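I have placed the structure first, in the form of structure tokens, so that the comments after it can refer back to it.
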Amino acid sequence: MKGYSMVSAVTDFPAASSDAARQHFAAEFAFETDCWDVHDALAKGADFVLLDVRGPSLYAAGHISGAVLLPHGKITRSKMSAWPEDTVFVTYCAGPHCNGAARGALRLAELGRPVKIMAGGITGWIDEGFKLVTDV
């Protein structure tokens, strides 16, 4: 609003220029994807490997159909040799309150593997109305 002089915590720091904002937000897509796009890609035949990086009991209780169980602490060069070097991996964990997807993505990146995080994890998946499968 023109003439609006009150400063809030939101506007205390000015917004970035449009060019800087464009670069920043475009770069985010190199690091993450979302549940909707993963669901859509899985339905059409994914061009990536979806990794559930939680533990075996959580995976068994409910995971995304087609996801491979590989807890982030178990991501090693020898296990990753099962896939071609240019395979894109997408990691997910429990949700925004969990950093397992980032831990898994970091391990993959340290091994030179292309990787993205599925933002929202299981929580986001369920929020979108998508189903989980169980091994129980």
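Chain labels follow the order of the structure tokens: the first chain is A, the next B, and so on; residue numbering restarts at 1 in every chain, and ligands are counted from 1 in their shown order.
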
Compile the contact shell of segment 108-123 of chain A as a PDB file with C-alpha atoms, in the first residue's frame: residues with an atom at most 8 Å away, counting only C-alpha atoms, same-chain residues fewer than 3 positions apart removed.
ATOM      1  CA  ALA A  30      17.648 -28.529  -8.489  1.00  0.00           C
ATOM      2  CA  PHE A  31      17.573 -29.691  -4.865  1.00  0.00           C
ATOM      3  CA  GLU A  32      14.005 -30.740  -4.215  1.00  0.00           C
ATOM      4  CA  THR A  33      10.774 -31.952  -5.719  1.00  0.00           C
ATOM      5  CA  ASP A  34       7.359 -32.361  -4.174  1.00  0.00           C
ATOM      6  CA  CYS A  35       4.983 -35.192  -3.407  1.00  0.00           C
ATOM      7  CA  VAL A  38       6.805 -37.753  -7.435  1.00  0.00           C
ATOM      8  CA  HIS A  63       5.803 -46.433   2.650  1.00  0.00           C
ATOM      9  CA  ILE A  64       5.339 -45.154  -0.865  1.00  0.00           C
ATOM     10  CA  ILE A  75      23.947 -45.488   2.080  1.00  0.00           C
ATOM     11  CA  THR A  76      27.402 -46.641   1.000  1.00  0.00           C
ATOM     12  CA  ARG A  77      29.379 -46.715  -2.213  1.00  0.00           C
ATOM     13  CA  GLU A  85      26.276 -43.660 -11.948  1.00  0.00           C
ATOM     14  CA  ASP A  86      23.843 -41.233 -13.588  1.00  0.00           C
ATOM     15  CA  THR A  87      20.775 -42.548 -11.721  1.00  0.00           C
ATOM     16  CA  VAL A  88      18.838 -39.742 -10.069  1.00  0.00           C
ATOM     17  CA  PHE A  89      17.753 -40.494  -6.509  1.00  0.00           C
ATOM     18  CA  VAL A  90      14.917 -38.867  -4.575  1.00  0.00           C
ATOM     19  CA  THR A  91      15.045 -39.276  -0.814  1.00  0.00           C
ATOM     20  CA  TYR A  92      12.198 -38.983   1.652  1.00  0.00           C
ATOM     21  CA  CYS A  93      11.717 -39.435   5.383  1.00  0.00           C
ATOM     22  CA  ALA A  94       8.898 -38.876   7.869  1.00  0.00           C
ATOM     23  CA  GLY A  95       8.255 -35.241   6.998  1.00  0.00           C
ATOM     24  CA  PRO A  96       9.235 -31.649   7.684  1.00  0.00           C
ATOM     25  CA  ALA A 101      15.973 -37.049   3.726  1.00  0.00           C
ATOM     26  CA  ALA A 102      18.680 -34.371   3.945  1.00  0.00           C
ATOM     27  CA  GLY A 104      20.470 -39.342   2.863  1.00  0.00           C
ATOM     28  CA  ALA A 105      20.815 -36.697   0.161  1.00  0.00           C
ATOM     29  CA  ILE A 126      -0.557 -38.239   3.153  1.00  0.00           C
ATOM     30  CA  ASP A 127      -1.603 -34.563   3.150  1.00  0.00           C
TER      31      ASP A 127
END

task = Between atom CA of Pro84 of chain A and atom CA of Tyr59 of chain A, measure the distance and give it in Å to one decimal.
result = 24.4 Å

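The spacing separating atom CA of Met80 of chain A from atom CA of Arg107 of chain A amounts to 10.6 Å.
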
Test item: residues at most 12 Å from Ser57 of chain A, only C-alpha atoms, excluding those fewer than 3 positions along its chain, as a ChimeraX atom specification = /A:52-54,60-63,69,71,134-136

Mind writing the picked residues with N, CA and C atoms as an mmCIF file, in the first residue's frame?
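Below is the file that was written, again_17.cif:
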data_model
loop_
_atom_site.group_PDB
_atom_site.id
_atom_site.type_symbol
_atom_site.label_atom_id
_atom_site.label_comp_id
_atom_site.auth_asym_id
_atom_site.auth_seq_id
_atom_site.Cartn_x
_atom_site.Cartn_y
_atom_site.Cartn_z
ATOM 1 N N ASP A 52 13.367 -44.524 0.453
ATOM 2 C CA ASP A 52 12.840 -44.295 1.796
ATOM 3 C C ASP A 52 14.026 -44.473 2.725
ATOM 4 N N VAL A 53 14.460 -43.394 3.351
ATOM 5 C CA VAL A 53 15.683 -43.434 4.149
ATOM 6 C C VAL A 53 15.407 -43.596 5.647
ATOM 7 N N ARG A 54 14.170 -43.979 5.983
ATOM 8 C CA ARG A 54 13.825 -44.242 7.378
ATOM 9 C C ARG A 54 14.263 -45.657 7.742
ATOM 10 N N ALA A 60 8.051 -50.687 6.957
ATOM 11 C CA ALA A 60 7.068 -51.774 6.972
ATOM 12 C C ALA A 60 5.676 -51.275 7.361
ATOM 13 N N ALA A 61 5.644 -50.278 8.252
ATOM 14 C CA ALA A 61 4.355 -49.762 8.721
ATOM 15 C C ALA A 61 3.651 -48.904 7.671
ATOM 16 N N GLY A 62 4.385 -48.356 6.716
ATOM 17 C CA GLY A 62 3.779 -47.566 5.656
ATOM 18 C C GLY A 62 4.815 -46.819 4.846
ATOM 19 N N HIS A 63 4.848 -47.104 3.545
ATOM 20 C CA HIS A 63 5.803 -46.433 2.650
ATOM 21 C C HIS A 63 5.152 -46.203 1.297
ATOM 22 N N LEU A 69 13.765 -49.283 0.286
ATOM 23 C CA LEU A 69 14.218 -49.024 1.655
ATOM 24 C C LEU A 69 15.742 -48.981 1.675
ATOM 25 N N PRO A 71 17.960 -47.009 4.607
ATOM 26 C CA PRO A 71 18.148 -46.019 5.665
ATOM 27 C C PRO A 71 19.389 -45.165 5.404
ATOM 28 N N THR A 134 1.886 -51.150 2.996
ATOM 29 C CA THR A 134 2.520 -51.697 4.200
ATOM 30 C C THR A 134 3.084 -53.088 3.931
ATOM 31 N N ASP A 135 4.017 -53.448 4.768
ATOM 32 C CA ASP A 135 4.580 -54.794 4.737
ATOM 33 C C ASP A 135 4.108 -55.593 5.934
ATOM 34 N N VAL A 136 3.164 -55.033 6.667
ATOM 35 C CA VAL A 136 2.687 -55.671 7.902
ATOM 36 C C VAL A 136 1.518 -56.581 7.625
#

key: Sel. of alpha helix (DSSP H) residues, segment 23-134 of chain A, as a PyMOL selection string   = chain A and resi 23-28+35-44+56-61+77-80+100-110+121-127

request  = Kindly indicate which residue among A:Ser78, A:Trp83, A:Trp125, A:His39 lies nearest to Gly66 of chain A, using only C-alpha atoms for the distances.
outcome  =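 Once distances to Gly66 of chain A are computed over only C-alpha atoms, the minimum belongs to A:His39.
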
task = as a list in words, please: all residues of chain A that backbone DSSP puts in strand (DSSP E).
result =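 The residues of chain A classed as strand (DSSP E) are Glu32, Thr33, Asp34, Val49, Leu50, Leu51, Asp52, Val68, Leu69, Phe89, Val90, Thr91, Tyr92, Val115, Lys116, Ile117, Met118 and Ala119 of chain A.
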
Selected residues written out, all heavy atoms, as a compact mmCIF listing (two decimals), in the first residue's frame:
# COMPACT_ATOMS: atom_id res chain seq x y z
N GLU A 32 15.18 -30.06 -4.75
CA GLU A 32 14.01 -30.74 -4.22
C GLU A 32 12.89 -30.84 -5.24
O GLU A 32 12.85 -30.11 -6.23
CB GLU A 32 13.50 -30.06 -2.95
CG GLU A 32 12.98 -28.67 -3.13
CD GLU A 32 12.52 -28.05 -1.82
OE1 GLU A 32 13.24 -28.13 -0.82
OE2 GLU A 32 11.41 -27.48 -1.81
N THR A 33 12.00 -31.77 -4.95
CA THR A 33 10.77 -31.95 -5.72
C THR A 33 9.65 -32.07 -4.70
O THR A 33 9.91 -32.02 -3.50
CB THR A 33 10.89 -33.20 -6.63
OG1 THR A 33 9.73 -33.25 -7.47
CG2 THR A 33 11.04 -34.48 -5.85
N ASP A 34 8.44 -32.24 -5.15
CA ASP A 34 7.36 -32.36 -4.17
C ASP A 34 6.59 -33.68 -4.36
O ASP A 34 6.82 -34.41 -5.32
CB ASP A 34 6.42 -31.15 -4.22
CG ASP A 34 5.63 -31.01 -5.51
OD1 ASP A 34 5.57 -31.97 -6.31
OD2 ASP A 34 5.05 -29.94 -5.72
N VAL A 49 15.10 -43.14 -8.84
CA VAL A 49 14.89 -44.15 -7.80
C VAL A 49 14.46 -43.41 -6.54
O VAL A 49 15.14 -42.50 -6.09
CB VAL A 49 16.17 -44.97 -7.54
CG1 VAL A 49 15.98 -45.91 -6.35
CG2 VAL A 49 16.55 -45.76 -8.79
N LEU A 50 13.32 -43.81 -6.01
CA LEU A 50 12.79 -43.22 -4.79
C LEU A 50 13.32 -44.01 -3.59
O LEU A 50 13.09 -45.21 -3.50
CB LEU A 50 11.26 -43.25 -4.82
CG LEU A 50 10.54 -42.58 -3.67
CD1 LEU A 50 10.87 -41.09 -3.59
CD2 LEU A 50 9.02 -42.79 -3.82
N LEU A 51 14.03 -43.33 -2.71
CA LEU A 51 14.61 -43.99 -1.53
C LEU A 51 13.90 -43.55 -0.27
O LEU A 51 13.84 -42.36 0.06
CB LEU A 51 16.09 -43.63 -1.39
CG LEU A 51 17.06 -44.15 -2.44
CD1 LEU A 51 18.48 -43.72 -2.08
CD2 LEU A 51 16.98 -45.66 -2.57
N ASP A 52 13.37 -44.52 0.45
CA ASP A 52 12.84 -44.30 1.80
C ASP A 52 14.03 -44.47 2.73
O ASP A 52 14.57 -45.57 2.86
CB ASP A 52 11.74 -45.31 2.10
CG ASP A 52 11.06 -45.06 3.44
OD1 ASP A 52 11.75 -44.70 4.42
OD2 ASP A 52 9.83 -45.24 3.50
N VAL A 68 12.37 -47.76 -2.48
CA VAL A 68 13.38 -48.71 -2.03
C VAL A 68 13.78 -48.32 -0.62
O VAL A 68 14.09 -47.15 -0.36
CB VAL A 68 14.62 -48.67 -2.96
CG1 VAL A 68 15.73 -49.55 -2.43
CG2 VAL A 68 14.23 -49.06 -4.38
N LEU A 69 13.77 -49.28 0.29
CA LEU A 69 14.22 -49.02 1.66
C LEU A 69 15.74 -48.98 1.68
O LEU A 69 16.40 -49.97 1.32
CB LEU A 69 13.72 -50.11 2.61
CG LEU A 69 14.29 -50.06 4.03
CD1 LEU A 69 13.89 -48.76 4.73
CD2 LEU A 69 13.85 -51.27 4.83
N PHE A 89 18.41 -39.98 -7.70
CA PHE A 89 17.75 -40.49 -6.51
C PHE A 89 16.91 -39.39 -5.89
O PHE A 89 17.29 -38.22 -5.92
CB PHE A 89 18.78 -41.00 -5.48
CG PHE A 89 19.53 -42.20 -5.97
CD1 PHE A 89 20.73 -42.05 -6.63
CD2 PHE A 89 19.02 -43.47 -5.79
CE1 PHE A 89 21.42 -43.15 -7.11
CE2 PHE A 89 19.70 -44.58 -6.26
CZ PHE A 89 20.90 -44.42 -6.93
N VAL A 90 15.76 -39.78 -5.34
CA VAL A 90 14.92 -38.87 -4.57
C VAL A 90 14.75 -39.50 -3.20
O VAL A 90 14.31 -40.65 -3.10
CB VAL A 90 13.54 -38.66 -5.25
CG1 VAL A 90 12.63 -37.81 -4.37
CG2 VAL A 90 13.72 -38.02 -6.63
N THR A 91 15.14 -38.76 -2.18
CA THR A 91 15.05 -39.28 -0.81
C THR A 91 13.82 -38.70 -0.11
O THR A 91 13.42 -37.57 -0.37
CB THR A 91 16.31 -38.93 0.01
OG1 THR A 91 16.44 -37.51 0.11
CG2 THR A 91 17.55 -39.53 -0.62
N TYR A 92 13.25 -39.51 0.78
CA TYR A 92 12.20 -38.98 1.65
C TYR A 92 12.30 -39.63 3.02
O TYR A 92 12.87 -40.72 3.18
CB TYR A 92 10.80 -39.16 1.05
CG TYR A 92 10.24 -40.57 1.09
CD1 TYR A 92 9.54 -41.05 2.20
CD2 TYR A 92 10.38 -41.43 0.00
CE1 TYR A 92 9.01 -42.33 2.22
CE2 TYR A 92 9.84 -42.70 0.00
CZ TYR A 92 9.17 -43.15 1.13
OH TYR A 92 8.64 -44.42 1.16
N VAL A 115 20.95 -36.20 -6.75
CA VAL A 115 19.93 -36.44 -5.73
C VAL A 115 19.07 -35.20 -5.52
O VAL A 115 19.53 -34.07 -5.65
CB VAL A 115 20.58 -36.88 -4.40
CG1 VAL A 115 21.50 -35.82 -3.84
CG2 VAL A 115 19.55 -37.32 -3.38
N LYS A 116 17.82 -35.47 -5.18
CA LYS A 116 16.87 -34.46 -4.75
C LYS A 116 16.14 -34.99 -3.52
O LYS A 116 16.09 -36.20 -3.30
CB LYS A 116 15.82 -34.16 -5.83
CG LYS A 116 16.39 -33.50 -7.07
CD LYS A 116 15.26 -33.14 -8.03
CE LYS A 116 15.82 -32.43 -9.25
NZ LYS A 116 14.75 -31.77 -10.01
N ILE A 117 15.56 -34.10 -2.77
CA ILE A 117 14.72 -34.45 -1.63
C ILE A 117 13.26 -34.29 -2.03
O ILE A 117 12.92 -33.36 -2.76
CB ILE A 117 15.03 -33.51 -0.44
CG1 ILE A 117 16.39 -33.83 0.14
CG2 ILE A 117 13.96 -33.60 0.64
CD1 ILE A 117 16.84 -32.84 1.19
N MET A 118 12.40 -35.19 -1.56
CA MET A 118 10.97 -35.01 -1.74
C MET A 118 10.47 -34.21 -0.54
O MET A 118 10.35 -34.73 0.57
CB MET A 118 10.23 -36.35 -1.83
CG MET A 118 8.74 -36.16 -2.12
SD MET A 118 7.80 -37.70 -2.17
CE MET A 118 7.59 -38.03 -0.41
N ALA A 119 10.19 -32.94 -0.78
CA ALA A 119 9.71 -32.05 0.29
C ALA A 119 8.41 -32.59 0.88
O ALA A 119 7.54 -33.06 0.16
CB ALA A 119 9.49 -30.64 -0.26
